[in-house]
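Asks: Let me begin by handing over the structure; questions about it come next.
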Amino acid sequence: MLNSLIYSRLYEWYEINHRILPWRETQDAYRIWLSEVILQQTRVAQGMEYYMRFVARWPRVEDLAAADEAEVLREWQGLGYYSRARNLHKAAQMIVERSWNPFPTRFEDIRALPGVGEYTAGAIASFAYNQPYPAMDGNVYRVVARLLDIDEAFDTTAGKKLFHKHIADLLDKEHAREFNSAIMEFGALYCTPVLGDACATCPLQDCCQAYAHGTADLLPVRKPRPKVRDRWFTYHIYTNGTHTLIRRRENPKDIWYHLYEFPCEEQEKEPSSFHLSPFTFKHVLSHQKLHARFMVHAVDELPQIDGAIVIPWSDLDNYALSRLTLRALDTLQHKA
């Protein structure tokens, strides 16, 4: 009975308030998958541009599979978490190799794709095929935590299992596509991290245990964040006027794998002359704070540096560059 009330209130709210987004206007599993991967840890406003570019350049999974990894990384440039782009490319190749194209229809096969977790597989299966699987993103965790007044951290192994059980019980199995769309949008637009006065007029107010107990502002609970690690980088920008040096990062366990940057040295602690450099940046990642200084060297002849390649300045746009490198280039252009 309670679930039926939640469904009717949620669907009524969704019908009036939902955003018109291109991946919602299709049941093409390939395009839905693209949107889900792009929107992981990315705002819709930023992800929209990338989604439209990917669809235009690679309209079918076969097109994406045939691309070079470097092309995919270049189109992904600026979104961060580049393992998503590499997994996207690997998954497209896997789909074509196993003749699943245009896209697998079984949940187990979707879940087997590189970079596709339980949530993403559920989202694709429900949005593309209306299969009865929950889609759990941060917005859904927040809504469910408040509806059921769950004070266990949702981002632990035990917490994810608990939330998955509750959302599976709550799921409207006959209308999974509509339910998942509605609850995700409700969390994104209404039941947001900072509630303000939203609870007072919430359409789910009389279904919400956190509202009844006065705990909505305290939920959801996250596990303690790990300590942020400081790293110190010195970048050398060599130029002879027309050409420069760049080098690809080759450590698969480190940041920005297979992205290009200027030759770099990492120091164990802050160099004494760090802040005397021409320009410096702080660049914050999820668990790292990067302190970077950039040294510009105008030379007649470019030096030979292990792993570095010589390219014309005009060719830089053809390489997938780290966000930090893009910031440095933007500063260089403004100083010129």
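Going by the structure tokens order, chains are called A, B, ..., each with residues numbered from 1, while ligands are numbered from 1 in the order shown.
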Taking only stretch 200-298 of chain A into account, list the residues labelled alpha helix (DSSP H) by DSSP (computed from the backbone), as a CSV table (one decimal) with N, CA and C atoms, in the first residue's frame.

Replies:
chain,number,residue,atom,x,y,z
A,209,GLN,N,10.1,8.5,6.5
A,209,GLN,CA,10.4,8.3,7.9
A,209,GLN,C,11.4,9.3,8.4
A,210,ALA,N,12.4,9.8,7.6
A,210,ALA,CA,13.3,10.8,8.1
A,210,ALA,C,12.6,12.1,8.4
A,211,TYR,N,11.6,12.4,7.6
A,211,TYR,CA,10.8,13.6,7.9
A,211,TYR,C,10.1,13.5,9.3
A,212,ALA,N,9.5,12.3,9.5
A,212,ALA,CA,8.8,12.0,10.7
A,212,ALA,C,9.7,12.1,11.9
A,213,HIS,N,11.0,11.6,11.7
A,213,HIS,CA,11.9,11.6,12.9
A,213,HIS,C,12.8,12.8,13.0

Asks: What's around stretch 65-75 of chain A at 9 Å? Count only C-alpha atoms, leave out sequence neighbours fewer than 6 positions away in its own chain, and write the answer as a tab-separated table (two decimals) with N, CA and C atoms, in the first residue's frame.

Replies:
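The new file part.tsv reads:
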chain	number	residue	atom	x	y	z
A	50	TYR	N	29.60	16.50	-23.88
A	50	TYR	CA	30.39	15.32	-24.21
A	50	TYR	C	29.51	14.24	-24.83
A	53	ARG	N	28.82	15.07	-28.43
A	53	ARG	CA	30.01	14.88	-29.26
A	53	ARG	C	30.26	13.40	-29.53
A	54	PHE	N	30.13	12.57	-28.49
A	54	PHE	CA	30.37	11.14	-28.67
A	54	PHE	C	29.35	10.54	-29.64
A	58	TRP	N	30.66	8.89	-32.91
A	58	TRP	CA	30.55	7.43	-32.92
A	58	TRP	C	29.09	7.05	-32.69
A	82	TYR	N	39.74	9.23	-16.14
A	82	TYR	CA	39.93	8.75	-17.51
A	82	TYR	C	39.80	7.24	-17.66
A	85	ALA	N	36.82	6.41	-19.71
A	85	ALA	CA	36.94	6.45	-21.17
A	85	ALA	C	37.63	5.19	-21.69
A	86	ARG	N	38.67	4.75	-20.99
A	86	ARG	CA	39.36	3.53	-21.44
A	86	ARG	C	38.44	2.32	-21.36
A	88	LEU	N	35.17	2.40	-21.49
A	88	LEU	CA	34.15	2.59	-22.52
A	88	LEU	C	34.63	2.00	-23.84
A	89	HIS	N	35.86	2.31	-24.19
A	89	HIS	CA	36.44	1.82	-25.44
A	89	HIS	C	36.59	0.30	-25.42
A	90	LYS	N	37.11	-0.24	-24.31
A	90	LYS	CA	37.27	-1.69	-24.19
A	90	LYS	C	35.93	-2.41	-24.26
A	91	ALA	N	34.91	-1.83	-23.62
A	91	ALA	CA	33.59	-2.45	-23.62
A	91	ALA	C	33.00	-2.47	-25.03
A	92	ALA	N	33.19	-1.39	-25.78
A	92	ALA	CA	32.68	-1.35	-27.16
A	92	ALA	C	33.34	-2.45	-27.99
A	93	GLN	N	34.63	-2.63	-27.81
A	93	GLN	CA	35.34	-3.69	-28.54
A	93	GLN	C	34.84	-5.07	-28.13
A	94	MET	N	34.56	-5.24	-26.84
A	94	MET	CA	34.06	-6.52	-26.33
A	94	MET	C	32.67	-6.82	-26.91
A	95	ILE	N	31.82	-5.82	-27.00
A	95	ILE	CA	30.47	-5.99	-27.56
A	95	ILE	C	30.55	-6.47	-29.01
A	96	VAL	N	31.45	-5.86	-29.78
A	96	VAL	CA	31.59	-6.23	-31.19
A	96	VAL	C	32.21	-7.62	-31.32
A	258	HIS	N	48.05	7.29	-19.79
A	258	HIS	CA	48.00	7.47	-21.24
A	258	HIS	C	47.59	8.88	-21.68
A	259	LEU	N	47.61	9.83	-20.76
A	259	LEU	CA	47.44	11.23	-21.16
A	259	LEU	C	48.81	11.88	-21.32
A	317	ASP	N	46.52	20.27	-29.86
A	317	ASP	CA	45.09	19.93	-29.80
A	317	ASP	C	44.79	18.51	-30.24
A	318	ASN	N	45.77	17.86	-30.88
A	318	ASN	CA	45.55	16.49	-31.36
A	318	ASN	C	45.86	15.44	-30.29
A	319	TYR	N	46.31	15.90	-29.12
A	319	TYR	CA	46.70	14.97	-28.05
A	319	TYR	C	45.78	15.13	-26.84
A	320	ALA	N	45.51	14.01	-26.19
A	320	ALA	CA	44.71	14.04	-24.97
A	320	ALA	C	45.60	14.52	-23.83
A	321	LEU	N	45.28	15.67	-23.30
A	321	LEU	CA	46.10	16.31	-22.28
A	321	LEU	C	45.39	16.29	-20.94

Asks: Determine, for each residue of stretch 94-133 of chain A having at least one atom at most 12 Å from an atom of stretch 156-171 of chain A, the closest pair of atoms and their separation in Å to one decimal, counting only C-alpha atoms; order by chain and ascending number, as JSON lines.

Replies:
{"residue": "A:Glu118", "atom": "CA", "partner": "A:His164", "partner_atom": "CA", "distance": 9.5}
{"residue": "A:Tyr119", "atom": "CA", "partner": "A:His164", "partner_atom": "CA", "distance": 9.3}
{"residue": "A:Gly122", "atom": "CA", "partner": "A:Ala168", "partner_atom": "CA", "distance": 10.7}
{"residue": "A:Ser126", "atom": "CA", "partner": "A:Leu171", "partner_atom": "CA", "distance": 10.9}
{"residue": "A:Asn130", "atom": "CA", "partner": "A:Leu171", "partner_atom": "CA", "distance": 11.8}
{"residue": "A:Gln131", "atom": "CA", "partner": "A:Leu171", "partner_atom": "CA", "distance": 11.0}
{"residue": "A:Pro132", "atom": "CA", "partner": "A:Leu171", "partner_atom": "CA", "distance": 7.6}
{"residue": "A:Tyr133", "atom": "CA", "partner": "A:Ala168", "partner_atom": "CA", "distance": 7.3}

Asks: Write the residues of the selection above to a file with N, CA and C atoms, as a CSV table (one decimal), in the first residue's frame.

Replies:
chain,number,residue,atom,x,y,z
A,118,GLU,N,27.1,-2.7,-10.8
A,118,GLU,CA,25.7,-3.1,-10.5
A,118,GLU,C,24.8,-2.0,-10.9
A,119,TYR,N,25.1,-0.8,-10.4
A,119,TYR,CA,24.2,0.4,-10.7
A,119,TYR,C,24.0,0.6,-12.2
A,122,GLY,N,22.0,-2.0,-13.9
A,122,GLY,CA,20.6,-1.9,-13.6
A,122,GLY,C,20.0,-0.7,-14.4
A,126,SER,N,17.1,-1.3,-17.2
A,126,SER,CA,15.7,-0.8,-16.9
A,126,SER,C,15.4,0.3,-17.9
A,130,ASN,N,13.3,-1.9,-19.9
A,130,ASN,CA,12.3,-2.0,-18.8
A,130,ASN,C,12.4,-3.2,-18.0
A,131,GLN,N,13.6,-3.8,-17.8
A,131,GLN,CA,13.8,-4.9,-17.0
A,131,GLN,C,13.8,-4.5,-15.5
A,132,PRO,N,13.3,-5.4,-14.6
A,132,PRO,CA,13.1,-5.0,-13.2
A,132,PRO,C,14.4,-5.0,-12.4
A,133,TYR,N,15.3,-4.1,-12.7
A,133,TYR,CA,16.5,-3.9,-11.9
A,133,TYR,C,16.6,-2.5,-11.4

Asks: Would you please work out which residue, of A:Val140, A:Ile183, A:Leu324, A:Ile237, is nearest to A:Val299 when using only C-alpha atoms?

Replies: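 Selected residue with least distance to A:Val299: A:Ile237.
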
Asks: Using only C-alpha atoms, which of the listed residues (A:Ala123, A:Ser181, A:Val144, A:Ala45) sits closest to A:Cys207?

Replies: A:Val144

Asks: Contacts of A:Lys269 at 12 Å or less, counting only C-alpha atoms, minus same-chain residues fewer than 3 places along, as number ranges by chain?

Replies: A: 229-234, 265-266, 272-274, 290-292

Asks: For the atom pair atom CA of A:Tyr7 and atom CA of A:Thr192, what is the interatomic distance in Å to one decimal place?

Replies: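 Taking atom CA of A:Tyr7 as the start and atom CA of A:Thr192 as the end point, the length is 19.1 Å.
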
Asks: Which residue gives the smallest distance to A:Tyr141 among A:Phe279, A:Phe186, A:Phe107, A:Trp100, with only C-alpha atoms counted?

Replies: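 Going through A:Phe279, A:Phe186, A:Phe107, A:Trp100 one by one, the smallest distance to A:Tyr141 is for A:Phe186.
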
Asks: Nearest residue to A:His243 out of A:Val37, A:Cys202, A:Ile124, A:Leu302, using only C-alpha atoms?

Replies: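 Answer, going by the shortest atom-to-atom distance: A:Leu302.
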
Asks: Neighbouring residues of A:Tyr129 were defined as those with any atom within 12 Å, considering only C-alpha atoms; residues of the same chain fewer than 2 positions away were excluded. Please report them as number ranges by chain.

Replies: A: 26-30, 32, 103-107, 110, 121-127, 131-133, 174-178

Asks: Do you know which residues are at most 10 Å from A:Asn240 counting only C-alpha atoms, after dropping those on the same chain fewer than 3 positions away, and could you put them as a list in words?

Replies: His243, Thr244, Leu245, His297, Ala298, Val299, Asp300, Glu301, Leu302, Pro312 and Trp313 of chain A

Asks: Quick one, how far is atom CA of A:Cys208 from atom CA of A:Leu147?

Replies: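 We find that atom CA of A:Cys208 and atom CA of A:Leu147 lie 4.2 Å from each other.
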
Asks: Check the smallest atom-to-atom distance from each of A:Arg146, A:Cys199, A:Thr280, A:Tyr238 to A:Ile305 using only C-alpha atoms, then report the winner.

Replies: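 Selected residue with least distance to A:Ile305: A:Tyr238.
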
Asks: Closest to A:Ala135 among A:Leu204, A:Ser99, A:Leu79, A:Asn180, using only C-alpha atoms?

Replies: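 Result for the nearest residue to A:Ala135: A:Asn180.
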